[in-house]
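Asks: Contents of work06.pdb (PDB, C-alpha atoms) are given next:
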ATOM      1  CA  MET T   1     -19.089 -68.188 -41.132
ATOM      2  CA  ILE T   2     -21.914 -68.708 -38.588
ATOM      3  CA  ARG T   3     -19.305 -70.029 -36.131
ATOM      4  CA  PHE T   4     -17.864 -66.522 -35.848
ATOM      5  CA  ALA T   5     -20.953 -64.449 -36.533
ATOM      6  CA  LEU T   6     -22.962 -65.899 -33.650
ATOM      7  CA  PRO T   7     -20.462 -65.239 -30.793
ATOM      8  CA  LEU T   8     -19.636 -61.858 -32.302
ATOM      9  CA  GLY T   9     -23.333 -61.003 -32.464
ATOM     10  CA  ILE T  10     -23.869 -62.022 -28.838
ATOM     11  CA  PHE T  11     -20.796 -60.006 -27.823
ATOM     12  CA  VAL T  12     -21.970 -56.862 -29.612
ATOM     13  CA  LEU T  13     -25.444 -57.250 -28.079
ATOM     14  CA  MET T  14     -24.005 -57.586 -24.571
ATOM     15  CA  VAL T  15     -21.675 -54.605 -24.994
ATOM     16  CA  GLY T  16     -24.659 -52.581 -26.209
ATOM     17  CA  LEU T  17     -26.849 -53.549 -23.265
ATOM     18  CA  LEU T  18     -24.121 -53.073 -20.673
ATOM     19  CA  GLY T  19     -23.155 -49.743 -22.219
ATOM     20  CA  TYR T  20     -26.773 -48.599 -21.993
ATOM     21  CA  GLY T  21     -26.905 -49.759 -18.375
ATOM     22  CA  LEU T  22     -23.800 -47.734 -17.536
ATOM     23  CA  ARG T  23     -25.518 -44.549 -18.641
ATOM     24  CA  LEU T  24     -28.507 -45.030 -16.353
ATOM     25  CA  ASP T  25     -28.363 -43.411 -12.940
ATOM     26  CA  PRO T  26     -29.234 -46.080 -10.350
ATOM     27  CA  LYS T  27     -30.041 -43.336  -7.829
ATOM     28  CA  ILE T  28     -33.074 -42.325  -9.863
ATOM     29  CA  VAL T  29     -35.827 -44.816  -9.167
ATOM     30  CA  PRO T  30     -38.914 -44.322 -11.335
ATOM     31  CA  SER T  31     -41.862 -43.389  -9.159
ATOM     32  CA  PRO T  32     -44.938 -45.618  -9.295
ATOM     33  CA  LEU T  33     -46.988 -42.516  -8.455
ATOM     34  CA  ILE T  34     -46.777 -40.968 -11.915
ATOM     35  CA  ASP T  35     -50.309 -40.586 -13.353
ATOM     36  CA  LYS T  36     -51.726 -41.631  -9.999
ATOM     37  CA  PRO T  37     -53.727 -39.336  -7.705
ATOM     38  CA  ALA T  38     -51.516 -37.163  -5.507
ATOM     39  CA  PRO T  39     -51.483 -38.677  -1.977
ATOM     40  CA  ALA T  40     -53.732 -36.600   0.242
ATOM     41  CA  PHE T  41     -52.334 -34.639   3.153
ATOM     42  CA  SER T  42     -53.520 -32.001   5.554
ATOM     43  CA  LEU T  43     -50.635 -30.310   7.325
ATOM     44  CA  SER T  44     -50.113 -27.116   9.243
ATOM     45  CA  THR T  45     -48.188 -24.402   7.470
ATOM     46  CA  LEU T  46     -44.745 -23.245   8.431
ATOM     47  CA  GLU T  47     -45.765 -19.578   8.498
ATOM     48  CA  ASP T  48     -48.756 -20.119  10.756
ATOM     49  CA  PRO T  49     -48.993 -23.471  12.564
ATOM     50  CA  SER T  50     -52.663 -22.855  13.335
ATOM     51  CA  ARG T  51     -53.504 -22.812   9.629
ATOM     52  CA  GLN T  52     -53.782 -26.034   7.640
ATOM     53  CA  LEU T  53     -53.230 -26.673   3.981
ATOM     54  CA  SER T  54     -54.577 -29.826   2.408
ATOM     55  CA  THR T  55     -54.423 -31.339  -1.037
ATOM     56  CA  VAL T  56     -58.153 -30.591  -1.336
ATOM     57  CA  ASP T  57     -57.315 -26.852  -1.287
ATOM     58  CA  MET T  58     -55.141 -27.377  -4.339
ATOM     59  CA  ALA T  59     -57.751 -29.268  -6.379
ATOM     60  CA  GLY T  60     -58.519 -27.877  -9.805
ATOM     61  CA  GLN T  61     -55.197 -26.154 -10.338
ATOM     62  CA  VAL T  62     -51.790 -27.094 -11.641
ATOM     63  CA  TRP T  63     -49.253 -26.901  -8.841
ATOM     64  CA  VAL T  64     -45.731 -27.872  -7.902
ATOM     65  CA  LEU T  65     -44.698 -29.518  -4.644
ATOM     66  CA  ASN T  66     -41.056 -29.023  -3.752
ATOM     67  CA  VAL T  67     -39.709 -31.148  -0.896
ATOM     68  CA  TRP T  68     -37.032 -29.261   1.010
ATOM     69  CA  ALA T  69     -35.289 -29.011   4.364
ATOM     70  CA  SER T  70     -32.832 -26.631   5.948
ATOM     71  CA  TRP T  71     -30.432 -29.518   6.617
ATOM     72  CA  CYS T  72     -30.390 -30.485   2.952
ATOM     73  CA  VAL T  73     -27.373 -29.123   1.111
ATOM     74  CA  SER T  74     -28.687 -29.768  -2.404
ATOM     75  CA  CYS T  75     -31.823 -27.779  -1.532
ATOM     76  CA  ARG T  76     -29.614 -24.739  -1.134
ATOM     77  CA  ALA T  77     -28.159 -25.497  -4.572
ATOM     78  CA  GLU T  78     -31.561 -25.657  -6.270
ATOM     79  CA  HIS T  79     -33.099 -22.757  -4.371
ATOM     80  CA  GLU T  80     -32.333 -20.140  -7.032
ATOM     81  CA  VAL T  81     -34.017 -22.358  -9.623
ATOM     82  CA  ILE T  82     -37.145 -22.759  -7.507
ATOM     83  CA  LYS T  83     -37.184 -18.982  -7.017
ATOM     84  CA  SER T  84     -36.925 -18.544 -10.766
ATOM     85  CA  LEU T  85     -39.858 -20.921 -11.306
ATOM     86  CA  ALA T  86     -41.997 -19.177  -8.675
ATOM     87  CA  SER T  87     -41.225 -15.707 -10.050
ATOM     88  CA  ARG T  88     -42.836 -16.635 -13.373
ATOM     89  CA  ASN T  89     -46.212 -16.781 -11.605
ATOM     90  CA  LEU T  90     -47.321 -19.683 -13.769
ATOM     91  CA  VAL T  91     -48.188 -22.142 -11.047
ATOM     92  CA  THR T  92     -48.464 -22.259  -7.276
ATOM     93  CA  VAL T  93     -45.282 -23.629  -5.752
ATOM     94  CA  VAL T  94     -45.886 -25.327  -2.408
ATOM     95  CA  GLY T  95     -42.997 -26.353  -0.195
ATOM     96  CA  LEU T  96     -43.020 -29.550   1.845
ATOM     97  CA  ASN T  97     -40.682 -28.902   4.735
ATOM     98  CA  TYR T  98     -39.447 -32.439   5.344
ATOM     99  CA  LYS T  99     -38.236 -33.635   8.767
ATOM    100  CA  ASP T 100     -37.000 -30.228   9.740
ATOM    101  CA  ASP T 101     -37.012 -27.963  12.748
ATOM    102  CA  PRO T 102     -39.544 -25.149  12.070
ATOM    103  CA  GLY T 103     -37.180 -22.569  13.578
ATOM    104  CA  ASP T 104     -34.305 -23.631  11.332
ATOM    105  CA  ALA T 105     -36.631 -23.747   8.345
ATOM    106  CA  THR T 106     -37.946 -20.216   8.916
ATOM    107  CA  ARG T 107     -34.408 -18.855   9.309
ATOM    108  CA  TRP T 108     -33.338 -20.670   6.131
ATOM    109  CA  LEU T 109     -36.141 -19.034   4.137
ATOM    110  CA  LYS T 110     -35.388 -15.623   5.620
ATOM    111  CA  GLN T 111     -31.762 -15.978   4.615
ATOM    112  CA  LEU T 112     -32.228 -17.365   1.100
ATOM    113  CA  GLY T 113     -35.609 -15.945   0.138
ATOM    114  CA  ASN T 114     -38.989 -17.636   0.132
ATOM    115  CA  PRO T 115     -40.303 -18.744  -3.256
ATOM    116  CA  TYR T 116     -43.150 -20.796  -1.791
ATOM    117  CA  ALA T 117     -46.770 -19.711  -1.781
ATOM    118  CA  THR T 118     -46.769 -21.634   1.451
ATOM    119  CA  SER T 119     -44.740 -24.394   3.063
ATOM    120  CA  VAL T 120     -46.337 -27.236   4.954
ATOM    121  CA  VAL T 121     -44.569 -28.957   7.821
ATOM    122  CA  ASP T 122     -43.951 -32.706   7.623
ATOM    123  CA  ARG T 123     -42.127 -33.045  10.905
ATOM    124  CA  ASP T 124     -41.959 -36.842  11.139
ATOM    125  CA  GLY T 125     -41.730 -37.543   7.402
ATOM    126  CA  ARG T 126     -45.012 -39.456   7.347
ATOM    127  CA  VAL T 127     -46.374 -37.521   4.351
ATOM    128  CA  GLY T 128     -42.967 -37.932   2.708
ATOM    129  CA  ILE T 129     -43.430 -41.698   2.872
ATOM    130  CA  ASP T 130     -46.852 -41.404   1.217
ATOM    131  CA  TRP T 131     -45.283 -39.424  -1.601
ATOM    132  CA  GLY T 132     -42.419 -41.917  -1.946
ATOM    133  CA  VAL T 133     -39.810 -39.335  -0.977
ATOM    134  CA  TYR T 134     -36.384 -40.891  -0.488
ATOM    135  CA  GLY T 135     -33.898 -38.236  -1.554
ATOM    136  CA  VAL T 136     -34.533 -34.613  -0.690
ATOM    137  CA  PRO T 137     -34.876 -32.392  -2.686
ATOM    138  CA  GLU T 138     -37.664 -33.815  -4.790
ATOM    139  CA  THR T 139     -40.097 -31.917  -6.966
ATOM    140  CA  PHE T 140     -43.549 -33.041  -8.074
ATOM    141  CA  VAL T 141     -45.780 -31.541 -10.755
ATOM    142  CA  ILE T 142     -49.487 -32.078 -10.091
ATOM    143  CA  GLY T 143     -52.145 -31.496 -12.725
ATOM    144  CA  ALA T 144     -55.535 -29.832 -12.358
ATOM    145  CA  ASP T 145     -57.050 -33.326 -12.260
ATOM    146  CA  GLY T 146     -55.113 -34.022  -9.053
ATOM    147  CA  MET T 147     -52.748 -36.491 -10.724
ATOM    148  CA  ILE T 148     -48.980 -36.481 -10.309
ATOM    149  CA  LYS T 149     -47.594 -35.727 -13.748
ATOM    150  CA  TYR T 150     -43.894 -35.628 -13.122
ATOM    151  CA  LYS T 151     -41.352 -36.256 -10.387
ATOM    152  CA  HIS T 152     -37.868 -34.834 -10.307
ATOM    153  CA  ILE T 153     -35.419 -36.487  -7.928
ATOM    154  CA  GLY T 154     -32.475 -34.443  -6.691
ATOM    155  CA  PRO T 155     -31.817 -30.735  -7.175
ATOM    156  CA  VAL T 156     -33.593 -29.040 -10.073
ATOM    157  CA  THR T 157     -31.080 -27.284 -12.285
ATOM    158  CA  HIS T 158     -31.833 -24.412 -14.678
ATOM    159  CA  GLU T 159     -31.369 -26.951 -17.434
ATOM    160  CA  SER T 160     -33.830 -29.514 -16.066
ATOM    161  CA  LEU T 161     -36.312 -26.726 -15.299
ATOM    162  CA  GLU T 162     -36.306 -25.462 -18.890
ATOM    163  CA  GLN T 163     -36.073 -28.835 -20.610
ATOM    164  CA  LYS T 164     -38.199 -31.096 -18.429
ATOM    165  CA  ILE T 165     -40.467 -29.199 -16.060
ATOM    166  CA  MET T 166     -41.433 -26.128 -18.111
ATOM    167  CA  PRO T 167     -42.673 -28.109 -21.149
ATOM    168  CA  ILE T 168     -44.879 -30.217 -18.846
ATOM    169  CA  LEU T 169     -46.238 -27.119 -17.106
ATOM    170  CA  ARG T 170     -46.940 -25.386 -20.405
ATOM    171  CA  GLU T 171     -48.810 -28.417 -21.670
ATOM    172  CA  LEU T 172     -50.839 -28.705 -18.474
ATOM    173  CA  LEU T 173     -51.704 -25.004 -18.516
ATOM    174  CA  SER T 174     -52.638 -24.772 -22.187
TER     175      SER T 174
ATOM    176  CA  MET A 175      -6.610 -75.614  24.733
ATOM    177  CA  LYS A 176      -6.890 -75.284  20.989
ATOM    178  CA  PRO A 177     -10.688 -75.680  20.753
ATOM    179  CA  LEU A 178     -11.068 -73.016  23.430
ATOM    180  CA  LEU A 179      -8.831 -70.603  21.505
ATOM    181  CA  LEU A 180     -10.765 -71.266  18.321
ATOM    182  CA  PHE A 181     -13.995 -70.670  20.154
ATOM    183  CA  ILE A 182     -12.799 -67.320  21.482
ATOM    184  CA  LEU A 183     -11.501 -66.247  18.065
ATOM    185  CA  LEU A 184     -14.786 -67.145  16.417
ATOM    186  CA  GLY A 185     -16.598 -65.179  19.073
ATOM    187  CA  ILE A 186     -14.528 -62.112  18.257
ATOM    188  CA  CYS A 187     -15.074 -62.467  14.529
ATOM    189  CA  TRP A 188     -18.800 -62.871  14.821
ATOM    190  CA  ILE A 189     -20.196 -59.376  14.650
ATOM    191  CA  PRO A 190     -23.926 -59.183  14.104
ATOM    192  CA  ALA A 191     -24.605 -57.765  10.656
ATOM    193  CA  GLN A 192     -27.763 -55.953  11.644
ATOM    194  CA  ALA A 193     -27.807 -52.260  12.319
ATOM    195  CA  ALA A 194     -31.395 -52.078  13.492
ATOM    196  CA  ILE A 195     -31.264 -50.640  16.968
ATOM    197  CA  GLU A 196     -34.831 -49.847  17.835
ATOM    198  CA  ALA A 197     -36.220 -52.047  20.563
ATOM    199  CA  TYR A 198     -39.703 -52.888  19.401
ATOM    200  CA  GLU A 199     -41.977 -55.057  21.468
ATOM    201  CA  PHE A 200     -44.112 -57.541  19.661
ATOM    202  CA  ASP A 201     -47.398 -59.094  20.641
ATOM    203  CA  SER A 202     -46.374 -62.497  19.356
ATOM    204  CA  PRO A 203     -43.267 -64.334  18.158
ATOM    205  CA  GLN A 204     -45.019 -64.698  14.799
ATOM    206  CA  MET A 205     -45.275 -60.923  14.450
ATOM    207  CA  GLU A 206     -41.616 -60.544  15.335
ATOM    208  CA  ALA A 207     -40.680 -63.129  12.698
ATOM    209  CA  ASP A 208     -42.844 -61.309  10.136
ATOM    210  CA  TYR A 209     -41.206 -58.012  11.037
ATOM    211  CA  ASN A 210     -37.710 -59.426  10.714
ATOM    212  CA  GLN A 211     -38.499 -61.044   7.390
ATOM    213  CA  LEU A 212     -39.982 -57.808   6.039
ATOM    214  CA  ILE A 213     -37.103 -55.567   7.028
ATOM    215  CA  ASN A 214     -34.720 -58.100   5.521
ATOM    216  CA  GLU A 215     -36.545 -58.188   2.202
ATOM    217  CA  LEU A 216     -37.279 -54.488   1.789
ATOM    218  CA  ARG A 217     -34.653 -52.244   0.301
ATOM    219  CA  CYS A 218     -33.545 -48.940   1.743
ATOM    220  CA  LEU A 219     -33.760 -46.458  -1.134
ATOM    221  CA  VAL A 220     -31.169 -44.123   0.325
ATOM    222  CA  CYS A 221     -28.332 -46.634   0.490
ATOM    223  CA  GLN A 222     -29.548 -48.809  -2.290
ATOM    224  CA  ASN A 223     -27.598 -51.975  -1.688
ATOM    225  CA  GLN A 224     -28.788 -52.342   1.862
ATOM    226  CA  ASN A 225     -32.038 -53.648   3.210
ATOM    227  CA  LEU A 226     -34.063 -51.905   5.883
ATOM    228  CA  SER A 227     -32.535 -54.010   8.640
ATOM    229  CA  GLY A 228     -28.971 -53.273   7.560
ATOM    230  CA  SER A 229     -29.329 -49.550   7.033
ATOM    231  CA  ASN A 230     -29.339 -46.828   9.595
ATOM    232  CA  ALA A 231     -30.383 -44.085   7.197
ATOM    233  CA  GLU A 232     -33.230 -41.952   8.497
ATOM    234  CA  LEU A 233     -35.580 -43.228   5.841
ATOM    235  CA  ALA A 234     -34.779 -46.819   6.827
ATOM    236  CA  GLN A 235     -35.593 -46.000  10.449
ATOM    237  CA  ASP A 236     -38.882 -44.418   9.376
ATOM    238  CA  LEU A 237     -39.803 -47.357   7.194
ATOM    239  CA  ARG A 238     -38.976 -49.822   9.975
ATOM    240  CA  ARG A 239     -41.269 -47.856  12.263
ATOM    241  CA  GLU A 240     -43.945 -47.857   9.561
ATOM    242  CA  THR A 241     -43.560 -51.634   9.115
ATOM    243  CA  TYR A 242     -43.802 -52.187  12.858
ATOM    244  CA  GLN A 243     -46.876 -49.996  13.199
ATOM    245  CA  MET A 244     -48.651 -51.679  10.311
ATOM    246  CA  LEU A 245     -47.996 -55.123  11.805
ATOM    247  CA  GLN A 246     -49.201 -53.891  15.198
ATOM    248  CA  GLN A 247     -52.414 -52.753  13.542
ATOM    249  CA  GLY A 248     -52.911 -56.322  12.381
ATOM    250  CA  LYS A 249     -51.910 -55.806   8.767
ATOM    251  CA  SER A 250     -50.530 -58.799   6.915
ATOM    252  CA  GLN A 251     -47.049 -59.078   5.428
ATOM    253  CA  GLN A 252     -48.530 -58.729   1.958
ATOM    254  CA  GLU A 253     -50.287 -55.514   2.945
ATOM    255  CA  VAL A 254     -47.000 -54.018   4.148
ATOM    256  CA  VAL A 255     -45.290 -55.048   0.904
ATOM    257  CA  ASP A 256     -48.124 -53.539  -1.170
ATOM    258  CA  PHE A 257     -47.884 -50.321   0.857
ATOM    259  CA  MET A 258     -44.167 -50.007   0.106
ATOM    260  CA  VAL A 259     -44.500 -50.916  -3.574
ATOM    261  CA  ALA A 260     -47.301 -48.367  -4.072
ATOM    262  CA  ARG A 261     -44.959 -45.634  -2.848
ATOM    263  CA  TYR A 262     -41.475 -46.658  -3.898
ATOM    264  CA  GLY A 263     -42.069 -49.095  -6.769
ATOM    265  CA  ASP A 264     -40.878 -52.651  -7.331
ATOM    266  CA  PHE A 265     -37.308 -51.557  -6.663
ATOM    267  CA  VAL A 266     -38.066 -51.618  -2.935
ATOM    268  CA  LEU A 267     -38.362 -55.419  -3.071
ATOM    269  CA  TYR A 268     -35.248 -57.529  -2.760
ATOM    270  CA  ARG A 269     -37.358 -60.508  -3.829
ATOM    271  CA  PRO A 270     -39.266 -59.281  -6.895
ATOM    272  CA  GLN A 271     -42.840 -60.404  -7.367
ATOM    273  CA  PHE A 272     -43.652 -62.986 -10.022
ATOM    274  CA  LYS A 273     -45.646 -61.093 -12.642
ATOM    275  CA  ALA A 274     -45.679 -60.339 -16.361
ATOM    276  CA  SER A 275     -42.832 -57.820 -16.234
ATOM    277  CA  THR A 276     -40.608 -60.128 -14.172
ATOM    278  CA  TYR A 277     -41.257 -63.470 -15.919
ATOM    279  CA  LEU A 278     -37.987 -63.134 -17.809
ATOM    280  CA  LEU A 279     -36.120 -62.346 -14.604
ATOM    281  CA  TRP A 280     -37.452 -65.409 -12.788
ATOM    282  CA  LEU A 281     -37.564 -67.850 -15.703
ATOM    283  CA  GLY A 282     -34.601 -66.555 -17.731
ATOM    284  CA  PRO A 283     -31.948 -68.671 -15.986
ATOM    285  CA  PHE A 284     -33.979 -71.855 -16.452
ATOM    286  CA  LEU A 285     -34.613 -70.953 -20.067
ATOM    287  CA  LEU A 286     -30.895 -70.482 -20.582
ATOM    288  CA  LEU A 287     -30.239 -73.822 -18.886
ATOM    289  CA  LEU A 288     -32.692 -75.526 -21.252
ATOM    290  CA  VAL A 289     -30.987 -73.986 -24.278
ATOM    291  CA  VAL A 290     -27.572 -75.135 -23.051
ATOM    292  CA  LEU A 291     -28.907 -78.650 -22.296
ATOM    293  CA  PHE A 292     -30.393 -78.818 -25.788
ATOM    294  CA  VAL A 293     -27.092 -77.844 -27.417
ATOM    295  CA  VAL A 294     -25.073 -80.248 -25.257
ATOM    296  CA  ILE A 295     -27.408 -83.182 -25.925
ATOM    297  CA  ARG A 296     -27.308 -82.505 -29.645
ATOM    298  CA  ARG A 297     -23.528 -82.470 -29.604
ATOM    299  CA  LEU A 298     -23.297 -85.668 -27.570
ATOM    300  CA  ARG A 299     -25.673 -87.447 -29.938
ATOM    301  CA  ALA A 300     -23.655 -86.302 -32.923
ATOM    302  CA  ALA A 301     -20.488 -87.654 -31.302
ATOM    303  CA  GLN A 302     -22.071 -91.059 -30.606
ATOM    304  CA  LYS A 303     -23.378 -91.610 -34.110
ATOM    305  CA  PRO A 304     -21.235 -94.335 -35.843
ATOM    306  CA  VAL A 305     -19.072 -92.874 -38.536
ATOM    307  CA  GLU A 306     -20.091 -94.031 -41.995
ATOM    308  CA  VAL A 307     -17.275 -96.122 -43.339
ATOM    309  CA  ASP A 308     -16.493 -96.847 -46.945
ATOM    310  CA  THR A 309     -15.982-100.632 -46.571
ATOM    311  CA  ALA A 310     -14.396-101.026 -49.998
ATOM    312  CA  ALA A 311     -11.730 -98.430 -49.236
ATOM    313  CA  LEU A 312     -11.143-100.018 -45.836
ATOM    314  CA  ASP A 313     -10.572-103.448 -47.394
ATOM    315  CA  ASN A 314      -8.238-101.941 -49.891
ATOM    316  CA  ALA A 315      -6.224-100.253 -47.156
ATOM    317  CA  ARG A 316      -6.047-103.483 -45.154
ATOM    318  CA  GLN A 317      -4.797-105.398 -48.173
ATOM    319  CA  LEU A 318      -2.139-102.811 -48.771
ATOM    320  CA  LEU A 319      -0.957-103.097 -45.181
ATOM    321  CA  GLU A 320      -0.979-106.893 -45.183
ATOM    322  CA  ARG A 321       0.845-107.242 -48.426
ATOM    323  CA  ASN A 322       4.031-106.741 -46.511
ATOM    324  CA  GLU A 323       6.297-106.581 -49.497
ATOM    325  CA  PRO A 324       9.981-106.785 -48.837
ATOM    326  CA  ARG A 325      11.627-103.471 -49.497
ATOM    327  CA  PRO A 326      13.835-103.229 -52.482
TER     328      PRO A 326
END
Represent the structure from my file as structure tokens, please.
Replies:
Amino acid sequence: MIRFALPLGIFVLMVGLLGYGLRLDPKIVPSPLIDKPAPAFSLSTLEDPSRQLSTVDMAGQVWVLNVWASWCVSCRAEHEVIKSLASRNLVTVVGLNYKDDPGDATRWLKQLGNPYATSVVDRDGRVGIDWGVYGVPETFVIGADGMIKYKHIGPVTHESLEQKIMPILRELLS
Amino acid sequence: MKPLLLFILLGICWIPAQAAIEAYEFDSPQMEADYNQLINELRCLVCQNQNLSGSNAELAQDLRRETYQMLQQGKSQQEVVDFMVARYGDFVLYRPQFKASTYLLWLGPFLLLLVVLFVVIRRLRAAQKPVEVDTAALDNARQLLERNEPRP
């Protein structure tokens, strides 16, 4: 009996593990920054290059950082969702304009609408590296304690906004 | 003639596998070697099955520049690796570190080899063990064979 049970058991175990592996998305790499302090930056804003916004200005409040660029097609896809999030006036949504031309970026916002309280310009992607950005768009939720609570890789859909991001925001705000 | 032809053919087939195109200048050959080793062992997260040296994605270019700048500032290889891991996680390493969460990864194959060796040795021993023979029955059988009675 054991002669058949053992190979069968190993087979079932392997099918189970491989099946689980198939369902994982290899493009989504868990960020080591979760529950770590948000990497500091001080960047000039897109609206007014003479004005700077830094992470210190955001201390003490729950906020969302959305990494976007005018050359990024998926950003266009998620834009309505970001607008929906911003229109709820729950949290400050800051845009990180990643490796973009400020002229293109301004036009893009004019055309599609601007949900961001402000957008900061990361022209050379140096701040993006600090935040571990590798696939624009990316969205971070930062708590009042200055810690990164959640990272969403790829376009935010209405579904992921309601099911993943909103519950985290509600918990942080309560 | 033939060796020459072979030589030319080999020359055509040999296309350098590296896509890195930036011309960085290094202070020392050691730094250049460190740089090349790092960009070969760090993964590009955009095209995930390529390392930094093989990828020409924008992020790979940026991370090569970052690696170069850190080495120029006198940072060690380990410091560059720590910098990348802090931002992108262990996945950025093609050669994972040896730590609690990767013990199984590093030691698993040897563990499996030990298990297989154990099973094989046990089987071989079992095969070598002399078979217990019932001497009385053997004698009886021999007698029967030797009796050699003429057939009726």
Asks: Starting from the ChimeraX specification (/A :<7) & /T, expand the selection into actual residues of this file and give them as an MDAnalysis selection string.
Replies: chainID T and resid 31:33 130:132 134:135
Asks: Evaluate the PyMOL selection byres ((chain A and resi 211) around 12) and record the selected residues as a ChimeraX atom specification, following the chain and residue labels used in the document.
Replies: /A:204-210,212-217,225-227,238,241-242,251-252,254-255,267-269
Asks: With the file shown as input, list the residues that the PyMOL selection byres ((chain T and resi 58) around 10) selects, as number ranges by chain.
Replies: T: 53-57, 59-63, 92, 94, 142-144, 146
Asks: Export C-alpha atoms of the chosen residues as a short mmCIF file (atom, residue, chain, number, x, y, z; two decimals), in the frame of the given file?
Replies:
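Final output, saved to out13.cif:
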data_model
loop_
_atom_site.label_atom_id
_atom_site.label_comp_id
_atom_site.auth_asym_id
_atom_site.auth_seq_id
_atom_site.Cartn_x
_atom_site.Cartn_y
_atom_site.Cartn_z
CA LEU T 53 -53.23 -26.67 3.98
CA SER T 54 -54.58 -29.83 2.41
CA THR T 55 -54.42 -31.34 -1.04
CA VAL T 56 -58.15 -30.59 -1.34
CA ASP T 57 -57.32 -26.85 -1.29
CA ALA T 59 -57.75 -29.27 -6.38
CA GLY T 60 -58.52 -27.88 -9.80
CA GLN T 61 -55.20 -26.15 -10.34
CA VAL T 62 -51.79 -27.09 -11.64
CA TRP T 63 -49.25 -26.90 -8.84
CA THR T 92 -48.46 -22.26 -7.28
CA VAL T 94 -45.89 -25.33 -2.41
CA ILE T 142 -49.49 -32.08 -10.09
CA GLY T 143 -52.14 -31.50 -12.72
CA ALA T 144 -55.54 -29.83 -12.36
CA GLY T 146 -55.11 -34.02 -9.05
#
Asks: Got a sec: who's within 8 Å of Val156 in chain T, counting all atoms listed in the file, leaving out chain neighbours fewer than 2 positions off, as a list in words?
Replies: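 Counting only the stated atoms, we get Glu78, Val81, Ile82, Thr139, His152, Ile153, Gly154, His158, Glu159, Ser160 and Leu161 of chain T.
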Asks: Just the number, please: distance in Å from CA of Glu196 in chain A to CA of Ser74 in chain T, one decimal.
Replies: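 Distance reported for this atom pair: 29.2 Å.
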Asks: Could you tell me how far CA of Cys75 in chain T sits from CA of Tyr20 in chain T, in Å to one decimal place?
Replies: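 Between CA of Tyr20 in chain T and CA of Cys75 in chain T the gap is 29.6 Å.
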Asks: My list of candidates is T:Lys164, T:Arg107, T:Arg3, T:Lys99. Which is closest to Asp124 in chain T when distances are computed with all atoms listed in the file?
Replies: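 With all atoms listed in the file as the atom set, the closest residue is T:Lys99.
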